[in-house]
>>> print(open('input-v1.txt').read())   # compact mmCIF, N, CA and C atoms
# COMPACT_ATOMS: atom_id res chain seq x y z
N GLN A 23 -24.18 71.28 261.97
CA GLN A 23 -24.18 69.95 262.59
C GLN A 23 -22.92 69.81 263.45
N VAL A 24 -23.13 69.48 264.70
CA VAL A 24 -22.02 69.35 265.64
C VAL A 24 -21.41 67.95 265.50
N GLN A 25 -20.10 67.90 265.36
CA GLN A 25 -19.41 66.62 265.28
C GLN A 25 -18.22 66.61 266.23
N LEU A 26 -18.03 65.48 266.89
CA LEU A 26 -16.90 65.28 267.79
C LEU A 26 -16.17 64.01 267.35
N VAL A 27 -14.87 64.10 267.21
CA VAL A 27 -14.08 62.96 266.77
C VAL A 27 -12.92 62.75 267.74
N GLU A 28 -12.97 61.61 268.45
CA GLU A 28 -11.90 61.27 269.39
C GLU A 28 -10.78 60.51 268.68
N SER A 29 -9.59 60.64 269.23
CA SER A 29 -8.45 59.89 268.74
C SER A 29 -7.44 59.74 269.87
N GLY A 30 -6.47 58.86 269.66
CA GLY A 30 -5.39 58.72 270.62
C GLY A 30 -5.45 57.50 271.51
N GLY A 31 -6.52 56.72 271.38
CA GLY A 31 -6.62 55.52 272.19
C GLY A 31 -5.64 54.46 271.73
N GLY A 32 -5.56 53.40 272.52
CA GLY A 32 -4.66 52.31 272.17
C GLY A 32 -4.43 51.41 273.35
N GLU A 33 -3.42 50.57 273.23
CA GLU A 33 -3.07 49.64 274.30
C GLU A 33 -1.75 50.11 274.94
N VAL A 34 -1.73 50.08 276.25
CA VAL A 34 -0.57 50.54 276.99
C VAL A 34 -0.38 49.67 278.22
N GLN A 35 0.85 49.57 278.68
CA GLN A 35 1.12 48.79 279.88
C GLN A 35 0.78 49.58 281.13
N PRO A 36 0.49 48.88 282.22
CA PRO A 36 0.25 49.59 283.49
C PRO A 36 1.40 50.54 283.83
N GLY A 37 1.03 51.72 284.30
CA GLY A 37 2.02 52.75 284.59
C GLY A 37 2.32 53.65 283.42
N GLY A 38 1.82 53.31 282.26
CA GLY A 38 2.07 54.09 281.06
C GLY A 38 1.17 55.30 280.93
N SER A 39 1.33 55.99 279.79
CA SER A 39 0.58 57.22 279.54
C SER A 39 -0.02 57.21 278.14
N LEU A 40 -1.10 57.94 278.01
CA LEU A 40 -1.73 58.17 276.70
C LEU A 40 -2.33 59.57 276.72
N ARG A 41 -2.43 60.17 275.54
CA ARG A 41 -3.15 61.43 275.42
C ARG A 41 -4.26 61.27 274.39
N LEU A 42 -5.48 61.51 274.85
CA LEU A 42 -6.64 61.47 273.98
C LEU A 42 -6.94 62.88 273.48
N SER A 43 -7.45 62.94 272.25
CA SER A 43 -7.86 64.21 271.67
C SER A 43 -9.29 64.10 271.20
N CYS A 44 -9.99 65.22 271.21
CA CYS A 44 -11.36 65.27 270.71
C CYS A 44 -11.49 66.56 269.91
N ALA A 45 -11.63 66.42 268.60
CA ALA A 45 -11.78 67.57 267.72
C ALA A 45 -13.26 67.84 267.49
N VAL A 46 -13.63 69.10 267.63
CA VAL A 46 -15.03 69.50 267.53
C VAL A 46 -15.25 70.40 266.32
N SER A 47 -16.33 70.16 265.61
CA SER A 47 -16.71 71.04 264.50
C SER A 47 -18.20 71.33 264.59
N GLY A 48 -18.60 72.44 263.99
CA GLY A 48 -20.02 72.76 263.92
C GLY A 48 -20.59 73.43 265.15
N SER A 49 -19.72 73.89 266.05
CA SER A 49 -20.21 74.55 267.25
C SER A 49 -19.22 75.64 267.65
N ILE A 50 -19.71 76.59 268.44
CA ILE A 50 -18.81 77.58 269.01
C ILE A 50 -18.11 76.93 270.18
N PHE A 51 -17.03 76.24 269.88
CA PHE A 51 -16.36 75.38 270.84
C PHE A 51 -16.00 76.13 272.11
N SER A 52 -15.47 77.33 271.97
CA SER A 52 -14.94 78.04 273.13
C SER A 52 -16.02 78.39 274.15
N ALA A 53 -17.27 78.38 273.75
CA ALA A 53 -18.36 78.77 274.64
C ALA A 53 -18.92 77.60 275.44
N ASN A 54 -18.45 76.40 275.16
CA ASN A 54 -19.06 75.21 275.76
C ASN A 54 -18.15 74.49 276.74
N THR A 55 -18.79 73.99 277.80
CA THR A 55 -18.11 73.05 278.68
C THR A 55 -17.91 71.74 277.92
N MET A 56 -16.76 71.13 278.14
CA MET A 56 -16.44 69.84 277.52
C MET A 56 -16.17 68.81 278.61
N GLY A 57 -16.44 67.55 278.27
CA GLY A 57 -16.19 66.50 279.24
C GLY A 57 -15.66 65.24 278.59
N TRP A 58 -14.99 64.44 279.40
CA TRP A 58 -14.58 63.09 279.02
C TRP A 58 -15.30 62.10 279.92
N TYR A 59 -15.82 61.07 279.30
CA TYR A 59 -16.49 59.97 279.99
C TYR A 59 -15.82 58.67 279.58
N ARG A 60 -16.10 57.63 280.34
CA ARG A 60 -15.63 56.31 279.94
C ARG A 60 -16.64 55.25 280.30
N GLN A 61 -16.59 54.18 279.51
CA GLN A 61 -17.51 53.06 279.74
C GLN A 61 -16.73 51.76 279.62
N ALA A 62 -16.64 51.07 280.72
CA ALA A 62 -15.99 49.76 280.74
C ALA A 62 -17.00 48.69 280.36
N PRO A 63 -16.53 47.53 279.90
CA PRO A 63 -17.44 46.47 279.49
C PRO A 63 -18.41 46.09 280.60
N GLY A 64 -19.69 46.08 280.29
CA GLY A 64 -20.70 45.69 281.25
C GLY A 64 -21.03 46.72 282.31
N LYS A 65 -20.48 47.91 282.15
CA LYS A 65 -20.72 48.96 283.15
C LYS A 65 -21.33 50.20 282.50
N GLN A 66 -21.83 51.08 283.35
CA GLN A 66 -22.41 52.32 282.84
C GLN A 66 -21.32 53.31 282.46
N ARG A 67 -21.68 54.22 281.60
CA ARG A 67 -20.78 55.30 281.24
C ARG A 67 -20.67 56.26 282.42
N VAL A 68 -19.44 56.64 282.77
CA VAL A 68 -19.23 57.50 283.92
C VAL A 68 -18.36 58.70 283.55
N LEU A 69 -18.56 59.76 284.28
CA LEU A 69 -17.81 60.99 284.04
C LEU A 69 -16.38 60.84 284.54
N VAL A 70 -15.44 61.30 283.71
CA VAL A 70 -14.03 61.27 284.09
C VAL A 70 -13.54 62.66 284.46
N ALA A 71 -13.83 63.63 283.59
CA ALA A 71 -13.34 64.99 283.82
C ALA A 71 -14.14 65.97 282.99
N THR A 72 -14.21 67.21 283.46
CA THR A 72 -14.83 68.28 282.71
C THR A 72 -13.94 69.52 282.72
N ILE A 73 -14.14 70.35 281.71
CA ILE A 73 -13.45 71.64 281.66
C ILE A 73 -14.44 72.67 281.13
N SER A 74 -14.58 73.76 281.86
CA SER A 74 -15.54 74.79 281.48
C SER A 74 -14.96 75.66 280.37
N SER A 75 -15.81 76.53 279.85
CA SER A 75 -15.34 77.46 278.82
C SER A 75 -14.24 78.36 279.37
N GLY A 76 -14.26 78.57 280.67
CA GLY A 76 -13.24 79.41 281.29
C GLY A 76 -12.03 78.66 281.77
N GLY A 77 -12.02 77.35 281.54
CA GLY A 77 -10.86 76.55 281.91
C GLY A 77 -10.89 75.94 283.29
N VAL A 78 -12.03 76.02 283.96
CA VAL A 78 -12.15 75.39 285.28
C VAL A 78 -12.33 73.89 285.09
N THR A 79 -11.56 73.12 285.81
CA THR A 79 -11.58 71.67 285.63
C THR A 79 -12.14 70.95 286.87
N ASP A 80 -12.63 69.74 286.61
CA ASP A 80 -13.11 68.89 287.69
C ASP A 80 -12.85 67.46 287.29
N TYR A 81 -12.60 66.59 288.28
CA TYR A 81 -12.21 65.22 288.00
C TYR A 81 -12.94 64.25 288.90
N ALA A 82 -13.15 63.05 288.37
CA ALA A 82 -13.61 61.96 289.21
C ALA A 82 -12.49 61.60 290.18
N ASP A 83 -12.88 61.17 291.37
CA ASP A 83 -11.88 60.83 292.39
C ASP A 83 -10.91 59.77 291.89
N SER A 84 -11.40 58.87 291.06
CA SER A 84 -10.59 57.75 290.61
C SER A 84 -9.42 58.16 289.70
N VAL A 85 -9.48 59.37 289.14
CA VAL A 85 -8.43 59.80 288.22
C VAL A 85 -7.67 61.03 288.70
N LYS A 86 -8.07 61.60 289.82
CA LYS A 86 -7.41 62.81 290.32
C LYS A 86 -5.92 62.55 290.54
N GLY A 87 -5.13 63.48 290.07
CA GLY A 87 -3.68 63.35 290.21
C GLY A 87 -3.02 62.54 289.11
N ARG A 88 -3.81 61.85 288.31
CA ARG A 88 -3.26 61.03 287.23
C ARG A 88 -3.66 61.54 285.85
N PHE A 89 -4.85 62.10 285.72
CA PHE A 89 -5.36 62.58 284.44
C PHE A 89 -5.44 64.11 284.46
N THR A 90 -5.25 64.70 283.29
CA THR A 90 -5.38 66.15 283.14
C THR A 90 -6.20 66.46 281.90
N ILE A 91 -7.26 67.23 282.07
CA ILE A 91 -8.06 67.67 280.94
C ILE A 91 -7.64 69.09 280.57
N SER A 92 -7.58 69.35 279.28
CA SER A 92 -7.21 70.68 278.81
C SER A 92 -7.91 70.95 277.49
N ARG A 93 -7.86 72.20 277.08
CA ARG A 93 -8.51 72.55 275.82
C ARG A 93 -7.68 73.58 275.08
N ASP A 94 -7.79 73.53 273.75
CA ASP A 94 -7.15 74.50 272.87
C ASP A 94 -8.26 75.09 272.02
N ASN A 95 -8.72 76.26 272.40
CA ASN A 95 -9.86 76.85 271.68
C ASN A 95 -9.49 77.24 270.25
N ALA A 96 -8.24 77.52 270.00
CA ALA A 96 -7.82 77.85 268.64
C ALA A 96 -7.92 76.64 267.70
N LYS A 97 -7.80 75.45 268.29
CA LYS A 97 -7.87 74.22 267.50
C LYS A 97 -9.19 73.48 267.67
N ASN A 98 -10.10 74.06 268.45
CA ASN A 98 -11.39 73.40 268.71
C ASN A 98 -11.20 71.98 269.20
N THR A 99 -10.27 71.80 270.12
CA THR A 99 -9.91 70.47 270.57
C THR A 99 -9.79 70.42 272.09
N VAL A 100 -10.27 69.33 272.66
CA VAL A 100 -10.10 69.07 274.09
C VAL A 100 -9.23 67.82 274.22
N TYR A 101 -8.41 67.80 275.24
CA TYR A 101 -7.47 66.71 275.46
C TYR A 101 -7.68 66.06 276.81
N LEU A 102 -7.26 64.81 276.89
CA LEU A 102 -7.20 64.12 278.18
C LEU A 102 -5.84 63.44 278.26
N GLN A 103 -4.97 64.01 279.07
CA GLN A 103 -3.66 63.41 279.31
C GLN A 103 -3.81 62.43 280.45
N MET A 104 -3.49 61.17 280.18
CA MET A 104 -3.67 60.11 281.17
C MET A 104 -2.31 59.54 281.54
N GLY A 105 -2.03 59.49 282.83
CA GLY A 105 -0.77 58.95 283.30
C GLY A 105 -0.99 57.93 284.40
N SER A 106 0.07 57.21 284.73
CA SER A 106 0.00 56.16 285.77
C SER A 106 -1.21 55.26 285.53
N LEU A 107 -1.36 54.84 284.31
CA LEU A 107 -2.56 54.08 283.93
C LEU A 107 -2.60 52.73 284.63
N LYS A 108 -3.83 52.33 284.96
CA LYS A 108 -4.09 51.08 285.65
C LYS A 108 -5.00 50.21 284.80
N PRO A 109 -4.99 48.92 285.02
CA PRO A 109 -5.90 48.04 284.27
C PRO A 109 -7.37 48.48 284.38
N GLU A 110 -7.74 49.01 285.53
CA GLU A 110 -9.13 49.45 285.72
C GLU A 110 -9.48 50.71 284.93
N ASP A 111 -8.50 51.33 284.29
CA ASP A 111 -8.78 52.45 283.40
C ASP A 111 -9.22 51.97 282.01
N THR A 112 -9.14 50.68 281.78
CA THR A 112 -9.56 50.12 280.50
C THR A 112 -11.03 50.41 280.24
N ALA A 113 -11.32 51.04 279.10
CA ALA A 113 -12.69 51.43 278.76
C ALA A 113 -12.69 52.08 277.39
N VAL A 114 -13.89 52.31 276.89
CA VAL A 114 -14.06 53.20 275.75
C VAL A 114 -14.24 54.60 276.31
N TYR A 115 -13.45 55.52 275.81
CA TYR A 115 -13.50 56.90 276.28
C TYR A 115 -14.24 57.77 275.26
N TYR A 116 -15.18 58.56 275.77
CA TYR A 116 -16.01 59.42 274.95
C TYR A 116 -15.83 60.87 275.37
N CYS A 117 -15.84 61.77 274.41
CA CYS A 117 -15.91 63.19 274.77
C CYS A 117 -17.33 63.68 274.54
N LYS A 118 -17.66 64.71 275.29
CA LYS A 118 -19.00 65.27 275.25
C LYS A 118 -18.92 66.79 275.22
N LEU A 119 -19.76 67.38 274.39
CA LEU A 119 -19.92 68.83 274.36
C LEU A 119 -21.26 69.14 275.02
N TYR A 120 -21.21 69.97 276.05
CA TYR A 120 -22.43 70.34 276.77
C TYR A 120 -23.05 71.53 276.03
N GLY A 121 -24.02 71.21 275.17
CA GLY A 121 -24.70 72.25 274.44
C GLY A 121 -25.72 72.97 275.31
N ARG A 122 -26.32 73.98 274.73
CA ARG A 122 -27.28 74.78 275.50
C ARG A 122 -28.48 73.95 275.93
N PHE A 123 -28.94 73.06 275.05
CA PHE A 123 -30.13 72.27 275.36
C PHE A 123 -29.84 70.78 275.43
N ILE A 124 -28.87 70.32 274.65
CA ILE A 124 -28.56 68.88 274.63
C ILE A 124 -27.05 68.69 274.63
N GLY A 125 -26.64 67.46 274.88
CA GLY A 125 -25.24 67.12 274.80
C GLY A 125 -24.93 66.41 273.49
N TYR A 126 -23.70 66.58 273.05
CA TYR A 126 -23.24 65.93 271.83
C TYR A 126 -22.07 65.02 272.18
N TRP A 127 -22.06 63.84 271.55
CA TRP A 127 -21.05 62.83 271.86
C TRP A 127 -20.22 62.46 270.65
N GLY A 128 -19.00 62.08 270.93
CA GLY A 128 -18.17 61.47 269.91
C GLY A 128 -18.43 59.97 269.84
N GLN A 129 -17.70 59.31 268.96
CA GLN A 129 -17.93 57.88 268.73
C GLN A 129 -17.15 57.01 269.71
N GLY A 130 -16.22 57.59 270.41
CA GLY A 130 -15.45 56.85 271.41
C GLY A 130 -14.13 56.33 270.87
N THR A 131 -13.19 56.15 271.79
CA THR A 131 -11.89 55.57 271.45
C THR A 131 -11.51 54.59 272.56
N GLN A 132 -11.03 53.43 272.16
CA GLN A 132 -10.73 52.36 273.11
C GLN A 132 -9.37 52.58 273.77
N VAL A 133 -9.35 52.46 275.08
CA VAL A 133 -8.11 52.47 275.85
C VAL A 133 -8.02 51.15 276.59
N THR A 134 -6.93 50.44 276.37
CA THR A 134 -6.72 49.16 277.04
C THR A 134 -5.40 49.22 277.80
N VAL A 135 -5.46 48.94 279.09
CA VAL A 135 -4.28 48.93 279.94
C VAL A 135 -4.03 47.49 280.37
N SER A 136 -2.96 46.93 279.86
CA SER A 136 -2.71 45.51 280.08
C SER A 136 -1.22 45.22 279.96
N SER A 137 -0.78 44.26 280.76
CA SER A 137 0.61 43.83 280.66
C SER A 137 0.72 42.62 279.74
>>> encode(input="input-v1.txt", output="structure tokens")
Amino acid sequence: QVQLVESGGGEVQPGGSLRLSCAVSGSIFSANTMGWYRQAPGKQRVLVATISSGGVTDYADSVKGRFTISRDNAKNTVYLQMGSLKPEDTAVYYCKLYGRFIGYWGQGTQVTVSS
């Protein structure tokens, strides 16, 4: 059974930083592309960043230069380092494992950027 558990969310002031973590169990983590998504209140869930099994990364235009996705295959964990945070980054952040046939999601972690 594949499980993903996010952590690291919280409240931060504009311009601040947070690092999200997503620990994965029940899958060959190193073989899978991983992604971070976010969903703001009343809006659809949108892709923030992805990282392939080989470490190739991609970002939404809205976070390029501010967020960094990385992975530690020894720890079965993917990270999202977020910097220069803005109020519009406020959302529930979810990690996703791109399985061979289906995707697996974590439960989400709330990030609130507010002064």
>>> atom_distance(input="input-v1.txt", atom1="atom N of Ser136 (chain A)", atom2="atom C of Tyr59 (chain A)")
17.4 Å
>>> atom_distance(input="input-v1.txt", atom1="atom N of Ser74 (chain A)", atom2="atom C of Met56 (chain A)")
6.1 Å
>>> closest_atom_pairs(input="input-v1.txt", of="region 75-98 of chain A", to="region 35-52 of chain A", cutoff="12 Å", atoms="only C-alpha atoms", output="Markdown table")
| residue | atom | partner | partner_atom | distance |
| --- | --- | --- | --- | --- |
| A:Ser75 | CA | A:Ser52 | CA | 5.7 |
| A:Gly76 | CA | A:Ser52 | CA | 8.4 |
| A:Gly77 | CA | A:Ser52 | CA | 9.8 |
| A:Arg88 | CA | A:Ser39 | CA | 9.4 |
| A:Phe89 | CA | A:Arg41 | CA | 9.4 |
| A:Thr90 | CA | A:Arg41 | CA | 9.3 |
| A:Ile91 | CA | A:Leu42 | CA | 9.4 |
| A:Ser92 | CA | A:Ser43 | CA | 9.7 |
| A:Arg93 | CA | A:Ser52 | CA | 8.9 |
| A:Asp94 | CA | A:Ser52 | CA | 8.6 |
| A:Asn95 | CA | A:Ser52 | CA | 5.4 |
| A:Ala96 | CA | A:Ser52 | CA | 8.4 |
| A:Lys97 | CA | A:Ala45 | CA | 7.7 |
| A:Asn98 | CA | A:Val46 | CA | 5.5 |
>>> residues_near_point(input="input-v1.txt", point="(-9.3, 47.8, 278.6)", cutoff="12 Å", atoms="only C-alpha atoms", output="list of chain:residue names")
A:Gly31, A:Gly32, A:Glu33, A:Val34, A:Gln35, A:Pro36, A:Arg60, A:Gln61, A:Ala62, A:Pro63, A:Gly64, A:Leu107, A:Lys108, A:Pro109, A:Glu110, A:Asp111, A:Thr112, A:Ala113, A:Val114, A:Tyr115, A:Thr131, A:Gln132, A:Val133, A:Thr134, A:Val135, A:Ser136, A:Ser137
>>> atom_distance(input="input-v1.txt", atom1="CA of Val100 (chain A)", atom2="atom N of Arg67 (chain A)")
20.3 Å
>>> build_atoms(input="input-v1.txt", residues="region 48-59 of chain A", atoms="all heavy atoms", output="short mmCIF file (atom, residue, chain, number, x, y, z; two decimals), in the frame of the given file")
data_model
loop_
_atom_site.label_atom_id
_atom_site.label_comp_id
_atom_site.auth_asym_id
_atom_site.auth_seq_id
_atom_site.Cartn_x
_atom_site.Cartn_y
_atom_site.Cartn_z
N GLY A 48 -18.60 72.44 263.99
CA GLY A 48 -20.02 72.76 263.92
C GLY A 48 -20.59 73.43 265.15
O GLY A 48 -21.80 73.52 265.31
N SER A 49 -19.72 73.89 266.05
CA SER A 49 -20.21 74.55 267.25
C SER A 49 -19.22 75.64 267.65
O SER A 49 -18.06 75.61 267.25
CB SER A 49 -20.34 73.54 268.39
OG SER A 49 -20.68 74.19 269.60
N ILE A 50 -19.71 76.59 268.44
CA ILE A 50 -18.81 77.58 269.01
C ILE A 50 -18.11 76.93 270.18
O ILE A 50 -18.53 77.02 271.34
CB ILE A 50 -19.58 78.84 269.45
CG1 ILE A 50 -20.39 79.39 268.27
CG2 ILE A 50 -18.60 79.89 269.95
CD1 ILE A 50 -21.28 80.55 268.64
N PHE A 51 -17.03 76.24 269.88
CA PHE A 51 -16.36 75.38 270.84
C PHE A 51 -16.00 76.13 272.11
O PHE A 51 -16.20 75.64 273.21
CB PHE A 51 -15.10 74.81 270.19
CG PHE A 51 -14.22 74.02 271.12
CD1 PHE A 51 -14.56 72.71 271.44
CD2 PHE A 51 -13.07 74.56 271.66
CE1 PHE A 51 -13.76 71.97 272.29
CE2 PHE A 51 -12.25 73.82 272.50
CZ PHE A 51 -12.60 72.53 272.81
N SER A 52 -15.47 77.33 271.97
CA SER A 52 -14.94 78.04 273.13
C SER A 52 -16.02 78.39 274.15
O SER A 52 -15.71 78.66 275.31
CB SER A 52 -14.22 79.32 272.68
OG SER A 52 -15.13 80.18 272.02
N ALA A 53 -17.27 78.38 273.75
CA ALA A 53 -18.36 78.77 274.64
C ALA A 53 -18.92 77.60 275.44
O ALA A 53 -19.78 77.80 276.30
CB ALA A 53 -19.48 79.40 273.83
N ASN A 54 -18.45 76.40 275.16
CA ASN A 54 -19.06 75.21 275.76
C ASN A 54 -18.15 74.49 276.74
O ASN A 54 -16.95 74.37 276.52
CB ASN A 54 -19.44 74.22 274.65
CG ASN A 54 -20.48 74.78 273.71
OD1 ASN A 54 -20.19 75.10 272.57
ND2 ASN A 54 -21.70 74.91 274.20
N THR A 55 -18.79 73.99 277.80
CA THR A 55 -18.11 73.05 278.68
C THR A 55 -17.91 71.74 277.92
O THR A 55 -18.78 71.32 277.15
CB THR A 55 -18.92 72.80 279.95
OG1 THR A 55 -18.95 74.00 280.72
CG2 THR A 55 -18.34 71.68 280.79
N MET A 56 -16.76 71.13 278.14
CA MET A 56 -16.44 69.84 277.52
C MET A 56 -16.17 68.81 278.61
O MET A 56 -15.71 69.15 279.69
CB MET A 56 -15.21 69.96 276.63
CG MET A 56 -15.35 70.92 275.47
SD MET A 56 -16.56 70.36 274.26
CE MET A 56 -15.87 68.78 273.77
N GLY A 57 -16.44 67.55 278.27
CA GLY A 57 -16.19 66.50 279.24
C GLY A 57 -15.66 65.24 278.59
O GLY A 57 -15.82 65.03 277.39
N TRP A 58 -14.99 64.44 279.40
CA TRP A 58 -14.58 63.09 279.02
C TRP A 58 -15.30 62.10 279.92
O TRP A 58 -15.35 62.30 281.15
CB TRP A 58 -13.07 62.90 279.16
CG TRP A 58 -12.27 63.53 278.07
CD1 TRP A 58 -11.62 64.74 278.12
CD2 TRP A 58 -11.99 62.98 276.78
NE1 TRP A 58 -10.99 64.98 276.93
CE2 TRP A 58 -11.18 63.90 276.09
CE3 TRP A 58 -12.33 61.80 276.13
CZ2 TRP A 58 -10.73 63.68 274.80
CZ3 TRP A 58 -11.89 61.58 274.85
CH2 TRP A 58 -11.09 62.52 274.19
N TYR A 59 -15.82 61.07 279.30
CA TYR A 59 -16.49 59.97 279.99
C TYR A 59 -15.82 58.67 279.58
O TYR A 59 -15.10 58.62 278.59
CB TYR A 59 -17.97 59.91 279.61
CG TYR A 59 -18.83 61.01 280.14
CD1 TYR A 59 -18.71 62.32 279.69
CD2 TYR A 59 -19.80 60.75 281.11
CE1 TYR A 59 -19.51 63.34 280.18
CE2 TYR A 59 -20.62 61.75 281.61
CZ TYR A 59 -20.47 63.04 281.13
OH TYR A 59 -21.28 64.04 281.62
#
